[in-house]
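entry_39.cif, holding mmCIF, C-alpha atoms:
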data_input
loop_
_atom_site.label_atom_id
_atom_site.label_comp_id
_atom_site.auth_asym_id
_atom_site.auth_seq_id
_atom_site.Cartn_x
_atom_site.Cartn_y
_atom_site.Cartn_z
CA MET A 1 33.24 38.17 7.97
CA GLU A 2 33.64 41.85 7.17
CA ALA A 3 37.45 41.55 7.27
CA ARG A 4 37.40 38.38 5.18
CA ASN A 5 35.32 40.11 2.49
CA LEU A 6 37.59 43.14 2.52
CA ASN A 7 40.69 40.96 2.14
CA ALA A 8 39.02 39.08 -0.73
CA ARG A 9 38.30 42.36 -2.54
CA ARG A 10 41.87 43.56 -1.97
CA ALA A 11 43.32 40.29 -3.27
CA GLN A 12 41.19 40.51 -6.40
CA GLY A 13 41.85 44.22 -6.86
CA THR A 14 38.19 45.03 -7.50
CA GLY A 15 35.21 46.11 -5.48
CA ALA A 16 33.52 42.75 -6.00
CA VAL A 17 33.27 40.39 -3.07
CA LEU A 18 34.49 36.85 -3.65
CA GLU A 19 31.82 34.47 -2.40
CA ALA A 20 32.57 30.98 -1.21
CA PRO A 21 31.13 28.40 -3.59
CA ALA A 22 27.69 27.22 -2.56
CA ALA A 23 27.69 23.94 -0.70
CA PRO A 24 25.86 21.10 -2.44
CA GLY A 25 22.29 20.51 -1.40
CA ARG A 26 19.26 22.69 -0.81
CA PRO A 27 19.29 25.62 1.62
CA LEU A 28 16.89 25.57 4.55
CA VAL A 29 13.38 26.59 3.61
CA THR A 30 11.97 29.73 5.21
CA VAL A 31 9.90 27.90 7.81
CA ALA A 32 13.00 26.03 9.03
CA ARG A 33 14.95 29.29 9.30
CA LEU A 34 12.05 30.84 11.25
CA TYR A 35 12.27 27.89 13.66
CA VAL A 36 16.02 28.41 14.17
CA TYR A 37 15.52 32.16 14.67
CA ALA A 38 12.67 31.63 17.17
CA LEU A 39 14.73 29.25 19.29
CA HIS A 40 17.80 31.48 19.14
CA GLY A 41 15.84 34.55 20.22
CA CYS A 42 14.14 32.80 23.13
CA LEU A 43 17.38 31.22 24.32
CA CYS A 44 19.09 34.61 24.26
CA GLU A 45 16.18 36.21 26.13
CA VAL A 46 16.27 33.57 28.86
CA ALA A 47 20.06 33.93 29.18
CA PHE A 48 19.83 37.75 29.24
CA THR A 49 17.09 37.85 31.86
CA ALA A 50 18.95 35.29 34.00
CA ALA A 51 22.15 37.36 33.85
CA LEU A 52 20.30 40.63 34.51
CA ASP A 53 18.40 39.16 37.46
CA TRP A 54 21.68 37.79 38.84
CA CYS A 55 23.19 41.30 38.74
CA TYR A 56 20.40 42.54 41.03
CA THR A 57 19.82 39.49 43.25
CA ARG A 58 22.98 37.33 43.07
CA ASP A 59 20.63 34.38 42.77
CA TRP A 60 22.72 31.51 41.41
CA ARG A 61 19.67 29.61 40.19
CA LEU A 62 19.87 31.87 37.10
CA ALA A 63 16.15 31.46 36.48
CA GLY A 64 15.71 33.43 33.27
CA HIS A 65 12.29 33.84 31.73
CA SER A 66 10.48 34.43 28.48
CA SER A 67 7.01 34.08 27.02
CA LEU A 68 5.55 31.91 24.28
CA TRP A 69 4.73 35.19 22.52
CA ALA A 70 8.48 35.60 22.06
CA LEU A 71 8.73 32.67 19.64
CA PRO A 72 6.86 34.27 16.71
CA MET A 73 8.23 37.71 17.59
CA TYR A 74 11.89 36.62 17.46
CA ALA A 75 11.30 34.35 14.45
CA THR A 76 9.85 37.13 12.32
CA ALA A 77 12.19 39.85 13.63
CA ILE A 78 15.35 37.89 12.83
CA TYR A 79 13.89 36.81 9.48
CA LEU A 80 13.21 40.47 8.62
CA ILE A 81 16.76 41.33 9.72
CA GLU A 82 17.93 38.61 7.31
CA VAL A 83 16.04 40.38 4.51
CA MET A 84 17.45 43.76 5.61
CA ARG A 85 20.96 42.25 5.76
CA THR A 86 20.76 41.14 2.13
CA ARG A 87 19.66 44.58 0.98
CA LEU A 88 22.07 46.57 3.18
CA MET A 89 25.05 44.43 2.19
CA ALA A 90 24.11 44.81 -1.50
CA ARG A 91 24.39 48.57 -0.93
CA ARG A 92 27.79 47.94 0.68
CA LEU A 93 26.83 49.67 3.91
CA ALA A 94 29.46 49.40 6.62
CA LEU A 95 28.80 47.27 9.68
CA PRO A 96 28.11 50.23 12.03
CA ALA A 97 25.47 51.59 9.64
CA ARG A 98 23.84 48.16 9.35
CA LEU A 99 23.83 47.75 13.14
CA ALA A 100 22.17 51.16 13.52
CA ALA A 101 19.49 50.12 11.02
CA TYR A 102 18.92 46.79 12.76
CA THR A 103 18.74 48.39 16.20
CA GLY A 104 16.23 50.97 14.99
CA PHE A 105 14.19 48.16 13.46
CA ILE A 106 14.34 46.16 16.70
CA TYR A 107 12.96 49.12 18.66
CA LEU A 108 10.16 49.60 16.12
CA TRP A 109 9.38 45.87 16.17
CA GLU A 110 9.42 45.62 19.98
CA PHE A 111 7.18 48.69 20.31
CA SER A 112 4.74 47.42 17.67
CA CYS A 113 4.54 43.91 19.11
CA GLY A 114 4.22 45.28 22.63
CA ALA A 115 1.44 47.67 21.60
CA GLY A 116 -0.44 44.85 19.88
CA LEU A 117 -0.05 42.51 22.82
CA SER A 118 -1.08 45.27 25.23
CA LEU A 119 -4.37 45.59 23.36
CA LEU A 120 -4.93 41.92 24.19
CA GLY A 121 -3.78 42.38 27.78
CA ALA A 122 -0.91 40.00 27.02
CA CYS A 123 2.31 42.08 26.85
CA PRO A 124 4.85 40.06 28.88
CA TRP A 125 7.24 42.97 29.52
CA ASP A 126 6.98 46.34 31.18
CA TYR A 127 9.84 48.83 31.03
CA SER A 128 7.93 51.61 32.80
CA HIS A 129 10.37 51.51 35.74
CA TYR A 130 13.27 52.48 33.44
CA ASN A 131 14.16 56.15 33.07
CA TYR A 132 14.09 56.33 29.29
CA ASN A 133 11.06 54.25 28.33
CA LEU A 134 8.27 54.88 25.87
CA GLY A 135 4.95 53.65 27.22
CA GLY A 136 6.73 50.88 29.10
CA LEU A 137 7.12 49.08 25.76
CA VAL A 138 10.71 50.02 24.87
CA THR A 139 13.61 51.56 26.76
CA LEU A 140 16.76 53.28 25.58
CA GLU A 141 18.69 51.55 28.38
CA TYR A 142 18.61 48.43 26.20
CA ALA A 143 20.19 50.08 23.15
CA LEU A 144 23.58 48.43 23.67
CA PRO A 145 22.18 44.94 24.35
CA TRP A 146 19.95 45.22 21.27
CA THR A 147 22.92 46.34 19.15
CA VAL A 148 24.96 43.38 20.40
CA ALA A 149 22.01 41.10 19.63
CA ALA A 150 21.84 42.54 16.11
CA PHE A 151 25.58 41.93 15.65
CA ILE A 152 25.25 38.31 16.81
CA ALA A 153 22.21 37.82 14.59
CA GLU A 154 23.88 39.18 11.46
CA GLN A 155 27.39 37.88 11.88
CA HIS A 156 26.66 34.47 13.36
CA VAL A 157 23.06 33.27 13.45
CA ILE A 158 21.86 34.43 10.03
CA GLU A 159 25.23 33.85 8.36
CA ARG A 160 25.45 30.26 9.59
CA THR A 161 21.77 29.46 9.12
CA LEU A 162 21.98 30.50 5.48
CA ARG A 163 24.93 28.13 5.02
CA ILE A 164 23.04 25.05 6.25
CA ARG A 165 22.35 22.67 3.40
CA LEU A 166 20.06 19.66 3.27
CA HIS A 167 21.12 16.66 1.22
#
Could you show the structure in this file as structure tokens?
Amino acid sequence: MEARNLNARRAQGTGAVLEAPAAPGRPLVTVARLYVYALHGCLCEVAFTAALDWCYTRDWRLAGHSSLWALPMYATAIYLIEVMRTRLMARRLALPARLAAYTGFIYLWEFSCGAGLSLLGACPWDYSHYNYNLGGLVTLEYALPWTVAAFIAEQHVIERTLRIRLH
């Protein structure tokens, strides 16, 4: 997407980005986008935990796991990244800068949600066995996976979800 926008600006000879014409129909309402984002986040979490567990156990059942708490957490986190994306792209920030902002936000969000859930005795994760953790709620060892997740969210999930039109 970044390259396509750059080529569009070069072809036009201005700094303005040429947008594709809007498809006919109404865009998805916010609650529908939250649903898509919740399912995407949980699916990715189950796939990630299955792959990570396989690396340690070589268990071919690939039994990933998540929690129902993850649904509202991923829905709102990706929705807020959608809002950030709009603002950061309006400022013409480069992709690496946007990814850094998203990753920082993800850490803040995960820590905040984990702290709130811990008060209820319901936090489904514990990173205390990692070397670079903060209260067992976040760990720097996951910086690269979170950055990749932010890239996928911005470039694919949010981008395509915003293009969905209802007739």
Excluding Gly41 in chain A and its own-chain neighbours fewer than 6 positions away, which residues fall within 12 Å of it when counting all atoms listed in the file? Please give them as a PDB file with C-alpha atoms, in the coordinates of the input.
ATOM      1  CA  LEU A  34      12.050  30.840  11.250  1.00  0.00           C
ATOM      2  CA  TYR A  35      12.270  27.890  13.660  1.00  0.00           C
ATOM      3  CA  ALA A  47      20.060  33.930  29.180  1.00  0.00           C
ATOM      4  CA  PHE A  48      19.830  37.750  29.240  1.00  0.00           C
ATOM      5  CA  SER A  66      10.480  34.430  28.480  1.00  0.00           C
ATOM      6  CA  SER A  67       7.010  34.080  27.020  1.00  0.00           C
ATOM      7  CA  LEU A  68       5.550  31.910  24.280  1.00  0.00           C
ATOM      8  CA  TRP A  69       4.730  35.190  22.520  1.00  0.00           C
ATOM      9  CA  ALA A  70       8.480  35.600  22.060  1.00  0.00           C
ATOM     10  CA  LEU A  71       8.730  32.670  19.640  1.00  0.00           C
ATOM     11  CA  PRO A  72       6.860  34.270  16.710  1.00  0.00           C
ATOM     12  CA  MET A  73       8.230  37.710  17.590  1.00  0.00           C
ATOM     13  CA  TYR A  74      11.890  36.620  17.460  1.00  0.00           C
ATOM     14  CA  ALA A  75      11.300  34.350  14.450  1.00  0.00           C
ATOM     15  CA  THR A  76       9.850  37.130  12.320  1.00  0.00           C
ATOM     16  CA  ALA A  77      12.190  39.850  13.630  1.00  0.00           C
ATOM     17  CA  ILE A  78      15.350  37.890  12.830  1.00  0.00           C
ATOM     18  CA  TYR A  79      13.890  36.810   9.480  1.00  0.00           C
ATOM     19  CA  TRP A 146      19.950  45.220  21.270  1.00  0.00           C
ATOM     20  CA  ALA A 149      22.010  41.100  19.630  1.00  0.00           C
ATOM     21  CA  ALA A 150      21.840  42.540  16.110  1.00  0.00           C
ATOM     22  CA  ILE A 152      25.250  38.310  16.810  1.00  0.00           C
ATOM     23  CA  ALA A 153      22.210  37.820  14.590  1.00  0.00           C
ATOM     24  CA  VAL A 157      23.060  33.270  13.450  1.00  0.00           C
ATOM     25  CA  ILE A 158      21.860  34.430  10.030  1.00  0.00           C
TER      26      ILE A 158
END
Centre and edge lengths of an axis-aligned box around all listed atoms of range 47-62 of chain A, with 3 Å added on each side, are to be given in Å to one decimal, as lines of an AutoDock Vina configuration file.
center_x = 20.1
center_y = 36.1
center_z = 36.2
size_x = 12.1
size_y = 18.9
size_z = 20.1
Could you tell me which residues the PyMOL selection byres ((chain A and resi 138-141) around 12) grabs in this file, written as a VMD selection string? chain A and resid 103 to 104 106 to 115 123 125 to 137 142 to 147
Apply the PyMOL selection byres ((chain A and resi 162) around 12) to the displayed file and report the matching residues as a PDB file with C-alpha atoms, in the frame of the given file.
ATOM      1  CA  ALA A  22      27.690  27.220  -2.560  1.00  0.00           C
ATOM      2  CA  ALA A  23      27.690  23.940  -0.700  1.00  0.00           C
ATOM      3  CA  ARG A  26      19.260  22.690  -0.810  1.00  0.00           C
ATOM      4  CA  PRO A  27      19.290  25.620   1.620  1.00  0.00           C
ATOM      5  CA  LEU A  28      16.890  25.570   4.550  1.00  0.00           C
ATOM      6  CA  VAL A  29      13.380  26.590   3.610  1.00  0.00           C
ATOM      7  CA  THR A  30      11.970  29.730   5.210  1.00  0.00           C
ATOM      8  CA  ALA A  32      13.000  26.030   9.030  1.00  0.00           C
ATOM      9  CA  ARG A  33      14.950  29.290   9.300  1.00  0.00           C
ATOM     10  CA  LEU A  34      12.050  30.840  11.250  1.00  0.00           C
ATOM     11  CA  VAL A  36      16.020  28.410  14.170  1.00  0.00           C
ATOM     12  CA  TYR A  37      15.520  32.160  14.670  1.00  0.00           C
ATOM     13  CA  TYR A  79      13.890  36.810   9.480  1.00  0.00           C
ATOM     14  CA  GLU A  82      17.930  38.610   7.310  1.00  0.00           C
ATOM     15  CA  VAL A  83      16.040  40.380   4.510  1.00  0.00           C
ATOM     16  CA  ARG A  85      20.960  42.250   5.760  1.00  0.00           C
ATOM     17  CA  THR A  86      20.760  41.140   2.130  1.00  0.00           C
ATOM     18  CA  ALA A 153      22.210  37.820  14.590  1.00  0.00           C
ATOM     19  CA  GLU A 154      23.880  39.180  11.460  1.00  0.00           C
ATOM     20  CA  GLN A 155      27.390  37.880  11.880  1.00  0.00           C
ATOM     21  CA  HIS A 156      26.660  34.470  13.360  1.00  0.00           C
ATOM     22  CA  VAL A 157      23.060  33.270  13.450  1.00  0.00           C
ATOM     23  CA  ILE A 158      21.860  34.430  10.030  1.00  0.00           C
ATOM     24  CA  GLU A 159      25.230  33.850   8.360  1.00  0.00           C
ATOM     25  CA  ARG A 160      25.450  30.260   9.590  1.00  0.00           C
ATOM     26  CA  THR A 161      21.770  29.460   9.120  1.00  0.00           C
ATOM     27  CA  ARG A 163      24.930  28.130   5.020  1.00  0.00           C
ATOM     28  CA  ILE A 164      23.040  25.050   6.250  1.00  0.00           C
ATOM     29  CA  ARG A 165      22.350  22.670   3.400  1.00  0.00           C
ATOM     30  CA  LEU A 166      20.060  19.660   3.270  1.00  0.00           C
TER      31      LEU A 166
END
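Taking CA of Ala51 in chain A as the reference point, CA of Gly64 in chain A is found at 7.6 Å.
We find CA of Tyr102 in chain A and CA of Ala50 in chain A to be spaced 24.2 Å apart.
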One decimal, Å: what's the distance from CA of His65 in chain A over to CA of Ala100 in chain A, could you say?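 Computing the Euclidean distance for CA of His65 in chain A and CA of Ala100 in chain A yields 27.0 Å.
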